[in-house]
>>> print(open('upload_35.pdb').read())   # PDB, C-alpha atoms
ATOM      1  CA  MET J  15       0.000   0.000   0.000
ATOM      2  CA  ALA J  16       1.302   3.454  -0.884
ATOM      3  CA  ASP J  17       1.874   6.079   1.755
ATOM      4  CA  GLN J  18      -1.101   8.181   2.700
ATOM      5  CA  PRO J  19      -1.432  11.442   0.765
ATOM      6  CA  LEU J  20       0.267  14.540   2.154
ATOM      7  CA  THR J  21      -2.137  17.223   0.949
ATOM      8  CA  SER J  22      -5.387  17.953   2.774
ATOM      9  CA  ARG J  23      -7.340  17.321  -0.420
ATOM     10  CA  GLY J  24      -5.590  13.986  -0.946
ATOM     11  CA  ALA J  25      -6.142  13.053   2.691
ATOM     12  CA  ALA J  26      -9.854  13.848   2.351
ATOM     13  CA  THR J  27     -10.107  11.653  -0.758
ATOM     14  CA  TYR J  28      -8.181   8.877   0.963
ATOM     15  CA  GLN J  29     -10.559   8.983   3.948
ATOM     16  CA  ARG J  30     -13.658   9.063   1.719
ATOM     17  CA  ILE J  31     -12.385   5.946  -0.067
ATOM     18  CA  LEU J  32     -11.861   4.177   3.284
ATOM     19  CA  ASP J  33     -15.288   5.189   4.587
ATOM     20  CA  VAL J  34     -17.152   4.146   1.451
ATOM     21  CA  ALA J  35     -15.121   0.961   0.968
ATOM     22  CA  THR J  36     -15.738  -0.067   4.576
ATOM     23  CA  GLN J  37     -19.479  -0.029   3.948
ATOM     24  CA  GLU J  38     -19.102  -1.673   0.531
ATOM     25  CA  PHE J  39     -17.012  -4.563   1.874
ATOM     26  CA  ALA J  40     -19.186  -4.939   4.981
ATOM     27  CA  GLN J  41     -22.298  -5.230   2.821
ATOM     28  CA  HIS J  42     -20.996  -7.241  -0.146
ATOM     29  CA  GLY J  43     -17.834  -9.021   1.008
ATOM     30  CA  ILE J  44     -14.518  -9.112  -0.797
ATOM     31  CA  ALA J  45     -15.704 -10.833  -3.967
ATOM     32  CA  GLY J  46     -18.957  -8.890  -4.150
ATOM     33  CA  ALA J  47     -17.524  -5.419  -3.521
ATOM     34  CA  ARG J  48     -17.264  -3.280  -6.646
ATOM     35  CA  ILE J  49     -14.533  -0.711  -7.190
ATOM     36  CA  GLU J  50     -16.875   1.203  -9.507
ATOM     37  CA  ARG J  51     -19.374   1.728  -6.666
ATOM     38  CA  ILE J  52     -16.621   2.725  -4.269
ATOM     39  CA  VAL J  53     -15.042   5.361  -6.526
ATOM     40  CA  SER J  54     -18.433   6.744  -7.512
ATOM     41  CA  ALA J  55     -19.627   7.125  -3.923
ATOM     42  CA  ALA J  56     -16.207   8.446  -2.819
ATOM     43  CA  ARG J  57     -16.222  11.006  -5.653
ATOM     44  CA  THR J  58     -12.870   9.898  -7.014
ATOM     45  CA  ASN J  59     -11.549   7.608  -9.752
ATOM     46  CA  LYS J  60      -9.972   4.175 -10.055
ATOM     47  CA  ALA J  61      -6.513   5.591 -10.711
ATOM     48  CA  GLN J  62      -6.579   7.469  -7.408
ATOM     49  CA  LEU J  63      -7.845   4.450  -5.493
ATOM     50  CA  TYR J  64      -5.175   2.205  -7.011
ATOM     51  CA  THR J  65      -2.486   4.804  -6.303
ATOM     52  CA  TYR J  66      -3.416   4.788  -2.622
ATOM     53  CA  PHE J  67      -4.165   1.103  -2.134
ATOM     54  CA  GLY J  68      -2.778  -0.916  -5.056
ATOM     55  CA  ASN J  69      -5.792  -3.175  -5.663
ATOM     56  CA  LYS J  70      -9.102  -4.312  -4.191
ATOM     57  CA  GLU J  71      -7.494  -6.974  -1.967
ATOM     58  CA  LYS J  72      -5.082  -4.455  -0.458
ATOM     59  CA  LEU J  73      -7.918  -1.986   0.063
ATOM     60  CA  PHE J  74      -9.814  -4.651   2.001
ATOM     61  CA  ASP J  75      -6.670  -5.407   4.006
ATOM     62  CA  ALA J  76      -6.261  -1.739   4.928
ATOM     63  CA  ILE J  77      -9.850  -1.571   6.131
ATOM     64  CA  PHE J  78      -9.855  -4.945   7.855
ATOM     65  CA  PHE J  79      -6.588  -4.431   9.746
ATOM     66  CA  ALA J  80      -7.733  -0.948  10.778
ATOM     67  CA  SER J  81     -10.924  -2.533  12.162
ATOM     68  CA  LEU J  82      -8.850  -5.018  14.186
ATOM     69  CA  GLU J  83      -6.718  -2.178  15.544
ATOM     70  CA  ARG J  84      -9.859  -0.228  16.379
ATOM     71  CA  ILE J  85     -11.478  -2.982  18.405
ATOM     72  CA  THR J  86      -8.186  -3.618  20.224
ATOM     73  CA  ASN J  87      -7.621   0.058  21.035
ATOM     74  CA  VAL J  88     -11.183   1.269  21.596
ATOM     75  CA  VAL J  89     -12.103  -1.704  23.780
ATOM     76  CA  PRO J  90      -8.919  -2.661  25.634
ATOM     77  CA  ILE J  91      -9.073  -5.819  27.695
ATOM     78  CA  ASP J  92      -9.354  -5.735  31.451
ATOM     79  CA  ALA J  93      -8.578  -9.290  32.525
ATOM     80  CA  ASP J  94      -9.578  -8.449  36.090
ATOM     81  CA  ASP J  95     -13.077  -7.668  34.830
ATOM     82  CA  LEU J  96     -13.703  -9.783  31.741
ATOM     83  CA  ALA J  97     -17.445  -9.337  32.243
ATOM     84  CA  ASP J  98     -17.099  -5.573  31.810
ATOM     85  CA  TRP J  99     -14.867  -6.145  28.766
ATOM     86  CA  ALA J 100     -17.589  -8.329  27.213
ATOM     87  CA  VAL J 101     -20.179  -5.589  27.764
ATOM     88  CA  ARG J 102     -17.884  -2.965  26.210
ATOM     89  CA  LEU J 103     -17.390  -5.258  23.209
ATOM     90  CA  TYR J 104     -21.178  -5.649  22.931
ATOM     91  CA  ASP J 105     -21.525  -1.854  22.863
ATOM     92  CA  GLU J 106     -18.830  -1.464  20.222
ATOM     93  CA  TYR J 107     -20.547  -4.053  18.014
ATOM     94  CA  LEU J 108     -23.734  -1.992  18.312
ATOM     95  CA  ARG J 109     -21.875   1.182  17.323
ATOM     96  CA  ARG J 110     -19.903  -0.466  14.540
ATOM     97  CA  PRO J 111     -21.606  -3.588  13.150
ATOM     98  CA  ASP J 112     -19.329  -3.265  10.116
ATOM     99  CA  LEU J 113     -16.412  -4.478  12.273
ATOM    100  CA  ILE J 114     -18.057  -7.863  12.736
ATOM    101  CA  ARG J 115     -19.270  -8.061   9.157
ATOM    102  CA  LEU J 116     -15.739  -7.441   7.836
ATOM    103  CA  ALA J 117     -14.363 -10.211  10.054
ATOM    104  CA  THR J 118     -17.147 -12.517   8.898
ATOM    105  CA  TRP J 119     -16.343 -11.896   5.239
ATOM    106  CA  ALA J 120     -12.629 -12.480   5.933
ATOM    107  CA  ARG J 121     -13.542 -15.774   7.589
ATOM    108  CA  LEU J 122     -15.857 -16.815   4.739
ATOM    109  CA  GLU J 123     -13.675 -15.747   1.834
ATOM    110  CA  ARG J 124     -10.138 -16.108   3.132
ATOM    111  CA  ARG J 125      -9.575 -18.215   6.256
ATOM    112  CA  PRO J 126     -12.383 -20.636   7.074
ATOM    113  CA  VAL J 127     -10.355 -22.285   9.878
ATOM    114  CA  GLY J 128      -7.635 -21.327  12.323
ATOM    115  CA  HIS J 129      -6.619 -17.807  13.181
ATOM    116  CA  LEU J 130      -8.321 -15.074  11.186
ATOM    117  CA  VAL J 131      -5.040 -13.290  10.424
ATOM    118  CA  GLU J 132      -1.469 -14.483  10.055
ATOM    119  CA  ASN J 133      -0.125 -11.893  12.478
ATOM    120  CA  HIS J 134      -2.619 -12.791  15.220
ATOM    121  CA  ASP J 135       0.016 -12.351  17.944
ATOM    122  CA  HIS J 136       0.016  -8.621  17.236
ATOM    123  CA  TYR J 137      -3.661  -8.436  18.195
ATOM    124  CA  ASP J 138      -3.825 -11.188  20.823
ATOM    125  CA  ASP J 139      -0.522 -11.196  22.678
ATOM    126  CA  ARG J 140      -1.299  -8.426  25.199
ATOM    127  CA  LYS J 141      -4.782  -9.838  25.822
ATOM    128  CA  LEU J 142      -3.476 -13.360  26.356
ATOM    129  CA  ARG J 143      -0.783 -12.160  28.752
ATOM    130  CA  ALA J 144      -3.415 -10.251  30.732
ATOM    131  CA  VAL J 145      -5.642 -13.323  30.984
ATOM    132  CA  ALA J 146      -2.685 -15.539  31.971
ATOM    133  CA  GLU J 147      -1.631 -13.056  34.662
ATOM    134  CA  ALA J 148      -5.175 -12.922  36.050
ATOM    135  CA  GLN J 149      -5.243 -16.724  36.072
ATOM    136  CA  ALA J 150      -1.882 -16.908  37.876
ATOM    137  CA  ALA J 151      -3.198 -14.461  40.476
ATOM    138  CA  GLY J 152      -6.269 -16.649  41.005
ATOM    139  CA  ARG J 153      -8.780 -14.115  39.631
ATOM    140  CA  VAL J 154      -9.771 -16.003  36.463
ATOM    141  CA  ARG J 155     -10.521 -19.697  36.089
ATOM    142  CA  GLN J 156      -7.834 -21.945  34.685
ATOM    143  CA  GLY J 157      -7.801 -22.995  31.050
ATOM    144  CA  ASP J 158      -5.925 -22.032  27.954
ATOM    145  CA  PRO J 159      -5.849 -18.198  27.980
ATOM    146  CA  PHE J 160      -6.770 -18.152  24.293
ATOM    147  CA  ASP J 161      -9.825 -20.317  24.931
ATOM    148  CA  VAL J 162     -10.934 -18.134  27.840
ATOM    149  CA  MET J 163     -10.528 -15.010  25.706
ATOM    150  CA  ALA J 164     -12.330 -16.622  22.749
ATOM    151  CA  MET J 165     -15.230 -17.691  24.968
ATOM    152  CA  VAL J 166     -15.664 -14.178  26.375
ATOM    153  CA  ILE J 167     -15.548 -12.661  22.891
ATOM    154  CA  ALA J 168     -18.082 -15.213  21.632
ATOM    155  CA  MET J 169     -20.437 -14.394  24.490
ATOM    156  CA  SER J 170     -20.116 -10.678  23.730
ATOM    157  CA  MET J 171     -21.156 -11.401  20.138
ATOM    158  CA  ALA J 172     -24.374 -13.223  21.072
ATOM    159  CA  TRP J 173     -26.512 -10.448  19.544
ATOM    160  CA  SER J 174     -24.018  -9.240  16.929
ATOM    161  CA  PRO J 175     -24.392  -9.472  13.138
ATOM    162  CA  VAL J 176     -22.873 -12.980  13.270
ATOM    163  CA  SER J 177     -25.568 -14.334  15.564
ATOM    164  CA  ASN J 178     -27.526 -17.211  14.079
ATOM    165  CA  VAL J 179     -30.422 -16.306  16.371
ATOM    166  CA  TYR J 180     -30.861 -12.514  16.413
ATOM    167  CA  ALA J 181     -28.838  -9.459  15.389
ATOM    168  CA  ALA J 182     -29.314  -6.403  17.593
ATOM    169  CA  THR J 183     -29.192  -2.789  16.436
ATOM    170  CA  ALA J 184     -28.408   0.442  18.248
ATOM    171  CA  GLN J 185     -31.942   1.617  17.406
ATOM    172  CA  GLU J 186     -33.547  -0.872  19.776
ATOM    173  CA  SER J 187     -34.856   0.221  23.163
ATOM    174  CA  PRO J 188     -32.167   1.344  25.646
ATOM    175  CA  ASP J 189     -33.943  -0.778  28.258
ATOM    176  CA  LEU J 190     -33.524  -3.874  26.086
ATOM    177  CA  HIS J 191     -29.804  -3.184  25.721
ATOM    178  CA  GLU J 192     -29.477  -2.716  29.472
ATOM    179  CA  GLN J 193     -31.155  -6.094  30.046
ATOM    180  CA  ARG J 194     -28.737  -7.744  27.609
ATOM    181  CA  ARG J 195     -25.737  -6.007  29.177
ATOM    182  CA  ALA J 196     -26.763  -7.195  32.647
ATOM    183  CA  LEU J 197     -27.294 -10.765  31.438
ATOM    184  CA  LEU J 198     -24.012 -10.780  29.506
ATOM    185  CA  HIS J 199     -22.107  -9.339  32.462
ATOM    186  CA  ASP J 200     -23.518 -11.918  34.856
ATOM    187  CA  CYS J 201     -22.958 -14.869  32.499
ATOM    188  CA  VAL J 202     -19.363 -13.917  31.707
ATOM    189  CA  ARG J 203     -18.608 -13.225  35.370
ATOM    190  CA  ARG J 204     -19.892 -16.686  36.297
ATOM    191  CA  ALA J 205     -18.104 -18.365  33.362
ATOM    192  CA  VAL J 206     -14.677 -16.977  34.240
ATOM    193  CA  ALA J 207     -15.006 -17.062  38.027
ATOM    194  CA  VAL J 208     -12.541 -19.187  39.937
ATOM    195  CA  ASP J 209     -14.238 -22.350  41.248
TER     196      ASP J 209
END
>>> encode(input="upload_35.pdb", output="structure tokens")
Amino acid sequence: MADQPLTSRGAATYQRILDVATQEFAQHGIAGARIERIVSAARTNKAQLYTYFGNKEKLFDAIFFASLERITNVVPIDADDLADWAVRLYDEYLRRPDLIRLATWARLERRPVGHLVENHDHYDDRKLRAVAEAQAAGRVRQGDPFDVMAMVIAMSMAWSPVSNVYAATAQESPDLHEQRRALLHDCVRRAVAVD
């Protein structure tokens, strides 16, 4: 991927491409996304998009890896309160359902098994260390730290766009979200509690 543009106009175009492409990939996946729709909605042209990103696959990568960074940075883990972390993840999925949809498309179209990204340590290492430290201190139940983390994340996604039962939206009643948050918090707390 080329360096980001230096001019304010170029930076604005670059950001419009990212914003539009995020929605395009979230809705249609990698194979279904169309560069023509992206450049039209972003008010730019293919040459500019390719200058910034190289090709459609690299554009998806830029968006997908940024979404992984976002979820890691916006919702940092607190291994001493994994129940609260699960609730904060739930809230972020409500704010940004595209984050889950992008990961789902990556799973469907790129990596159906195993880790979702090759460089998973970059995203997981700090979280796994935190869980392992909480386990060593007797605050979190024993088990593979990755499996504990994965279970908490899965519970937080119970009402996300990947649910096979029901996908929640931010437009639903605040009371309903509070009920779900309370249930999620209690279930995660009980699941990770030391016996």
>>> closest_residue(input="upload_35.pdb", among="J:Ile31, J:Met171, J:Ile114, J:Ala207", to="Lys60 (chain J)", atoms="all atoms listed in the file")
J:Ile31
>>> resolve_selection(input="upload_35.pdb", expression="the PyMOL selection byres ((chain J and resi 176-187) around 9)", output="list in words")
Asp105, Tyr107, Leu108, Arg109, Pro111, Ile114, Arg115, Thr118, Met171, Ala172, Trp173, Ser174, Pro175, Pro188, Asp189, Leu190, His191 and Glu192 of chain J
>>> closest_residue(input="upload_35.pdb", among="J:Ser54, J:Gln156, J:Thr36, J:Ser170", to="Leu96 (chain J)", atoms="only C-alpha atoms")
J:Ser170
>>> resolve_selection(input="upload_35.pdb", expression="the PyMOL selection byres ((chain J and resi 146-148) around 10)", output="PDB file with C-alpha atoms, in the coordinates of the input")
ATOM      1  CA  ASP J  92      -9.354  -5.735  31.451  1.00  0.00           C
ATOM      2  CA  ALA J  93      -8.578  -9.290  32.525  1.00  0.00           C
ATOM      3  CA  ASP J  94      -9.578  -8.449  36.090  1.00  0.00           C
ATOM      4  CA  ASP J  95     -13.077  -7.668  34.830  1.00  0.00           C
ATOM      5  CA  ARG J 140      -1.299  -8.426  25.199  1.00  0.00           C
ATOM      6  CA  LYS J 141      -4.782  -9.838  25.822  1.00  0.00           C
ATOM      7  CA  LEU J 142      -3.476 -13.360  26.356  1.00  0.00           C
ATOM      8  CA  ARG J 143      -0.783 -12.160  28.752  1.00  0.00           C
ATOM      9  CA  ALA J 144      -3.415 -10.251  30.732  1.00  0.00           C
ATOM     10  CA  VAL J 145      -5.642 -13.323  30.984  1.00  0.00           C
ATOM     11  CA  GLN J 149      -5.243 -16.724  36.072  1.00  0.00           C
ATOM     12  CA  ALA J 150      -1.882 -16.908  37.876  1.00  0.00           C
ATOM     13  CA  ALA J 151      -3.198 -14.461  40.476  1.00  0.00           C
ATOM     14  CA  GLY J 152      -6.269 -16.649  41.005  1.00  0.00           C
ATOM     15  CA  ARG J 153      -8.780 -14.115  39.631  1.00  0.00           C
ATOM     16  CA  VAL J 154      -9.771 -16.003  36.463  1.00  0.00           C
ATOM     17  CA  ARG J 155     -10.521 -19.697  36.089  1.00  0.00           C
ATOM     18  CA  GLN J 156      -7.834 -21.945  34.685  1.00  0.00           C
ATOM     19  CA  GLY J 157      -7.801 -22.995  31.050  1.00  0.00           C
ATOM     20  CA  ASP J 158      -5.925 -22.032  27.954  1.00  0.00           C
ATOM     21  CA  PRO J 159      -5.849 -18.198  27.980  1.00  0.00           C
ATOM     22  CA  PHE J 160      -6.770 -18.152  24.293  1.00  0.00           C
ATOM     23  CA  VAL J 162     -10.934 -18.134  27.840  1.00  0.00           C
TER      24      VAL J 162
END
>>> closest_residue(input="upload_35.pdb", among="J:Gln37, J:Thr65, J:Ile167, J:Ala47", to="Glu106 (chain J)", atoms="all atoms listed in the file")
J:Ile167
>>> residues_around(input="upload_35.pdb", residues="Val131 (chain J)", least_positions_apart="6", cutoff="10 Å", atoms="only C-alpha atoms", output="ChimeraX atom specification")
/J:78-79,82,117,120-121,124-125,137
>>> atom_distance(input="upload_35.pdb", atom1="CA of Leu130 (chain J)", atom2="CA of Val101 (chain J)")
22.5 Å
>>> residues_around(input="upload_35.pdb", residues="region 70-73 of chain J", least_positions_apart="3", cutoff="10 Å", atoms="all atoms listed in the file", output="PyMOL selection string")
chain J and resi 15+31-32+35-36+39+44-45+47-49+63-64+66-67+76-78
>>> write_last_selection(input="upload_35.pdb", atoms="C-alpha atoms", output="compact mmCIF listing (two decimals), in the frame of the given file")
# COMPACT_ATOMS: atom_id res chain seq x y z
CA MET J 15 0.00 0.00 0.00
CA ILE J 31 -12.38 5.95 -0.07
CA LEU J 32 -11.86 4.18 3.28
CA ALA J 35 -15.12 0.96 0.97
CA THR J 36 -15.74 -0.07 4.58
CA PHE J 39 -17.01 -4.56 1.87
CA ILE J 44 -14.52 -9.11 -0.80
CA ALA J 45 -15.70 -10.83 -3.97
CA ALA J 47 -17.52 -5.42 -3.52
CA ARG J 48 -17.26 -3.28 -6.65
CA ILE J 49 -14.53 -0.71 -7.19
CA LEU J 63 -7.84 4.45 -5.49
CA TYR J 64 -5.18 2.20 -7.01
CA TYR J 66 -3.42 4.79 -2.62
CA PHE J 67 -4.16 1.10 -2.13
CA ALA J 76 -6.26 -1.74 4.93
CA ILE J 77 -9.85 -1.57 6.13
CA PHE J 78 -9.86 -4.94 7.86
>>> atom_distance(input="upload_35.pdb", atom1="CA of Leu197 (chain J)", atom2="CA of Arg84 (chain J)")
25.3 Å
>>> closest_residue(input="upload_35.pdb", among="J:Val34, J:Val53, J:His42, J:Ser81", to="Leu122 (chain J)", atoms="only C-alpha atoms")
J:His42
>>> closest_residue(input="upload_35.pdb", among="J:Ala100, J:Ala80, J:Val166, J:Leu198", to="Leu116 (chain J)", atoms="only C-alpha atoms")
J:Ala80
>>> atom_distance(input="upload_35.pdb", atom1="CA of His136 (chain J)", atom2="CA of Cys201 (chain J)")
28.3 Å
>>> axis_aligned_box(input="upload_35.pdb", around="region 202-205 of chain J", padding_each_side="5 Å", output="AutoDock Vina command-line options")
--center_x -19.0 --center_y -15.8 --center_z 34.0 --size_x 11.8 --size_y 15.1 --size_z 14.6
>>> decode(input="upload_35.pdb", residues="region 75-87 of chain J", atoms="all heavy atoms", output="PDB file, in the first residue's frame")
ATOM      1  N   ASP J  75      -7.627  -5.213   2.917  1.00  0.00           N
ATOM      2  CA  ASP J  75      -6.670  -5.407   4.006  1.00  0.00           C
ATOM      3  C   ASP J  75      -6.525  -4.149   4.847  1.00  0.00           C
ATOM      4  O   ASP J  75      -6.515  -4.218   6.081  1.00  0.00           O
ATOM      5  CB  ASP J  75      -5.296  -5.806   3.456  1.00  0.00           C
ATOM      6  CG  ASP J  75      -5.263  -7.218   2.910  1.00  0.00           C
ATOM      7  OD1 ASP J  75      -6.176  -8.016   3.226  1.00  0.00           O
ATOM      8  OD2 ASP J  75      -4.321  -7.527   2.151  1.00  0.00           O
ATOM      9  N   ALA J  76      -6.412  -2.999   4.192  1.00  0.00           N
ATOM     10  CA  ALA J  76      -6.261  -1.739   4.928  1.00  0.00           C
ATOM     11  C   ALA J  76      -7.452  -1.511   5.851  1.00  0.00           C
ATOM     12  O   ALA J  76      -7.289  -1.118   7.011  1.00  0.00           O
ATOM     13  CB  ALA J  76      -6.103  -0.572   3.951  1.00  0.00           C
ATOM     14  N   ILE J  77      -8.631  -1.771   5.347  1.00  0.00           N
ATOM     15  CA  ILE J  77      -9.850  -1.571   6.131  1.00  0.00           C
ATOM     16  C   ILE J  77      -9.962  -2.619   7.234  1.00  0.00           C
ATOM     17  O   ILE J  77     -10.251  -2.302   8.393  1.00  0.00           O
ATOM     18  CB  ILE J  77     -11.079  -1.622   5.206  1.00  0.00           C
ATOM     19  CG1 ILE J  77     -11.079  -0.402   4.301  1.00  0.00           C
ATOM     20  CG2 ILE J  77     -12.371  -1.728   5.997  1.00  0.00           C
ATOM     21  CD1 ILE J  77     -11.982  -0.529   3.117  1.00  0.00           C
ATOM     22  N   PHE J  78      -9.707  -3.856   6.892  1.00  0.00           N
ATOM     23  CA  PHE J  78      -9.855  -4.945   7.855  1.00  0.00           C
ATOM     24  C   PHE J  78      -8.856  -4.814   8.997  1.00  0.00           C
ATOM     25  O   PHE J  78      -9.214  -4.920  10.177  1.00  0.00           O
ATOM     26  CB  PHE J  78      -9.709  -6.292   7.150  1.00  0.00           C
ATOM     27  CG  PHE J  78      -9.844  -7.461   8.072  1.00  0.00           C
ATOM     28  CD1 PHE J  78     -10.984  -7.638   8.837  1.00  0.00           C
ATOM     29  CD2 PHE J  78      -8.824  -8.376   8.201  1.00  0.00           C
ATOM     30  CE1 PHE J  78     -11.116  -8.707   9.712  1.00  0.00           C
ATOM     31  CE2 PHE J  78      -8.946  -9.449   9.061  1.00  0.00           C
ATOM     32  CZ  PHE J  78     -10.088  -9.609   9.818  1.00  0.00           C
ATOM     33  N   PHE J  79      -7.592  -4.556   8.689  1.00  0.00           N
ATOM     34  CA  PHE J  79      -6.588  -4.431   9.746  1.00  0.00           C
ATOM     35  C   PHE J  79      -6.850  -3.195  10.598  1.00  0.00           C
ATOM     36  O   PHE J  79      -6.622  -3.215  11.811  1.00  0.00           O
ATOM     37  CB  PHE J  79      -5.175  -4.448   9.169  1.00  0.00           C
ATOM     38  CG  PHE J  79      -4.798  -5.791   8.599  1.00  0.00           C
ATOM     39  CD1 PHE J  79      -4.312  -5.906   7.310  1.00  0.00           C
ATOM     40  CD2 PHE J  79      -4.964  -6.958   9.337  1.00  0.00           C
ATOM     41  CE1 PHE J  79      -3.982  -7.142   6.775  1.00  0.00           C
ATOM     42  CE2 PHE J  79      -4.643  -8.197   8.814  1.00  0.00           C
ATOM     43  CZ  PHE J  79      -4.147  -8.294   7.525  1.00  0.00           C
ATOM     44  N   ALA J  80      -7.354  -2.134   9.991  1.00  0.00           N
ATOM     45  CA  ALA J  80      -7.733  -0.948  10.778  1.00  0.00           C
ATOM     46  C   ALA J  80      -8.880  -1.295  11.727  1.00  0.00           C
ATOM     47  O   ALA J  80      -8.927  -0.797  12.860  1.00  0.00           O
ATOM     48  CB  ALA J  80      -8.121   0.205   9.857  1.00  0.00           C
ATOM     49  N   SER J  81      -9.812  -2.147  11.282  1.00  0.00           N
ATOM     50  CA  SER J  81     -10.924  -2.533  12.162  1.00  0.00           C
ATOM     51  C   SER J  81     -10.421  -3.371  13.331  1.00  0.00           C
ATOM     52  O   SER J  81     -10.917  -3.236  14.452  1.00  0.00           O
ATOM     53  CB  SER J  81     -12.016  -3.268  11.380  1.00  0.00           C
ATOM     54  OG  SER J  81     -11.647  -4.602  11.092  1.00  0.00           O
ATOM     55  N   LEU J  82      -9.425  -4.228  13.098  1.00  0.00           N
ATOM     56  CA  LEU J  82      -8.850  -5.018  14.186  1.00  0.00           C
ATOM     57  C   LEU J  82      -8.125  -4.115  15.182  1.00  0.00           C
ATOM     58  O   LEU J  82      -8.233  -4.301  16.402  1.00  0.00           O
ATOM     59  CB  LEU J  82      -7.889  -6.072  13.640  1.00  0.00           C
ATOM     60  CG  LEU J  82      -8.505  -7.197  12.811  1.00  0.00           C
ATOM     61  CD1 LEU J  82      -7.420  -8.111  12.264  1.00  0.00           C
ATOM     62  CD2 LEU J  82      -9.516  -7.985  13.619  1.00  0.00           C
ATOM     63  N   GLU J  83      -7.392  -3.140  14.660  1.00  0.00           N
ATOM     64  CA  GLU J  83      -6.718  -2.178  15.544  1.00  0.00           C
ATOM     65  C   GLU J  83      -7.752  -1.402  16.355  1.00  0.00           C
ATOM     66  O   GLU J  83      -7.567  -1.165  17.548  1.00  0.00           O
ATOM     67  CB  GLU J  83      -5.858  -1.207  14.739  1.00  0.00           C
ATOM     68  CG  GLU J  83      -4.627  -1.807  14.139  1.00  0.00           C
ATOM     69  CD  GLU J  83      -3.569  -2.207  15.161  1.00  0.00           C
ATOM     70  OE1 GLU J  83      -3.571  -1.670  16.294  1.00  0.00           O
ATOM     71  OE2 GLU J  83      -2.744  -3.073  14.820  1.00  0.00           O
ATOM     72  N   ARG J  84      -8.834  -1.016  15.693  1.00  0.00           N
ATOM     73  CA  ARG J  84      -9.859  -0.228  16.379  1.00  0.00           C
ATOM     74  C   ARG J  84     -10.446  -0.999  17.555  1.00  0.00           C
ATOM     75  O   ARG J  84     -10.536  -0.475  18.659  1.00  0.00           O
ATOM     76  CB  ARG J  84     -10.966   0.161  15.399  1.00  0.00           C
ATOM     77  CG  ARG J  84     -12.116   0.883  16.084  1.00  0.00           C
ATOM     78  CD  ARG J  84     -13.231   1.259  15.136  1.00  0.00           C
ATOM     79  NE  ARG J  84     -14.382   1.723  15.859  1.00  0.00           N
ATOM     80  CZ  ARG J  84     -14.518   2.925  16.407  1.00  0.00           C
ATOM     81  NH1 ARG J  84     -13.546   3.793  16.288  1.00  0.00           N
ATOM     82  NH2 ARG J  84     -15.609   3.262  17.063  1.00  0.00           N
ATOM     83  N   ILE J  85     -10.842  -2.228  17.327  1.00  0.00           N
ATOM     84  CA  ILE J  85     -11.478  -2.982  18.405  1.00  0.00           C
ATOM     85  C   ILE J  85     -10.487  -3.230  19.538  1.00  0.00           C
ATOM     86  O   ILE J  85     -10.848  -3.223  20.718  1.00  0.00           O
ATOM     87  CB  ILE J  85     -12.118  -4.294  17.890  1.00  0.00           C
ATOM     88  CG1 ILE J  85     -13.178  -4.812  18.855  1.00  0.00           C
ATOM     89  CG2 ILE J  85     -11.100  -5.356  17.623  1.00  0.00           C
ATOM     90  CD1 ILE J  85     -14.466  -4.079  18.821  1.00  0.00           C
ATOM     91  N   THR J  86      -9.211  -3.404  19.210  1.00  0.00           N
ATOM     92  CA  THR J  86      -8.186  -3.618  20.224  1.00  0.00           C
ATOM     93  C   THR J  86      -7.948  -2.354  21.037  1.00  0.00           C
ATOM     94  O   THR J  86      -7.800  -2.407  22.262  1.00  0.00           O
ATOM     95  CB  THR J  86      -6.864  -4.078  19.574  1.00  0.00           C
ATOM     96  OG1 THR J  86      -7.102  -5.312  18.884  1.00  0.00           O
ATOM     97  CG2 THR J  86      -5.775  -4.281  20.599  1.00  0.00           C
ATOM     98  N   ASN J  87      -7.931  -1.197  20.363  1.00  0.00           N
ATOM     99  CA  ASN J  87      -7.621   0.058  21.035  1.00  0.00           C
ATOM    100  C   ASN J  87      -8.830   0.710  21.698  1.00  0.00           C
ATOM    101  O   ASN J  87      -8.707   1.302  22.763  1.00  0.00           O
ATOM    102  CB  ASN J  87      -6.977   1.041  20.051  1.00  0.00           C
ATOM    103  CG  ASN J  87      -5.641   0.542  19.564  1.00  0.00           C
ATOM    104  OD1 ASN J  87      -4.917  -0.142  20.281  1.00  0.00           O
ATOM    105  ND2 ASN J  87      -5.302   0.858  18.335  1.00  0.00           N
TER     106      ASN J  87
END
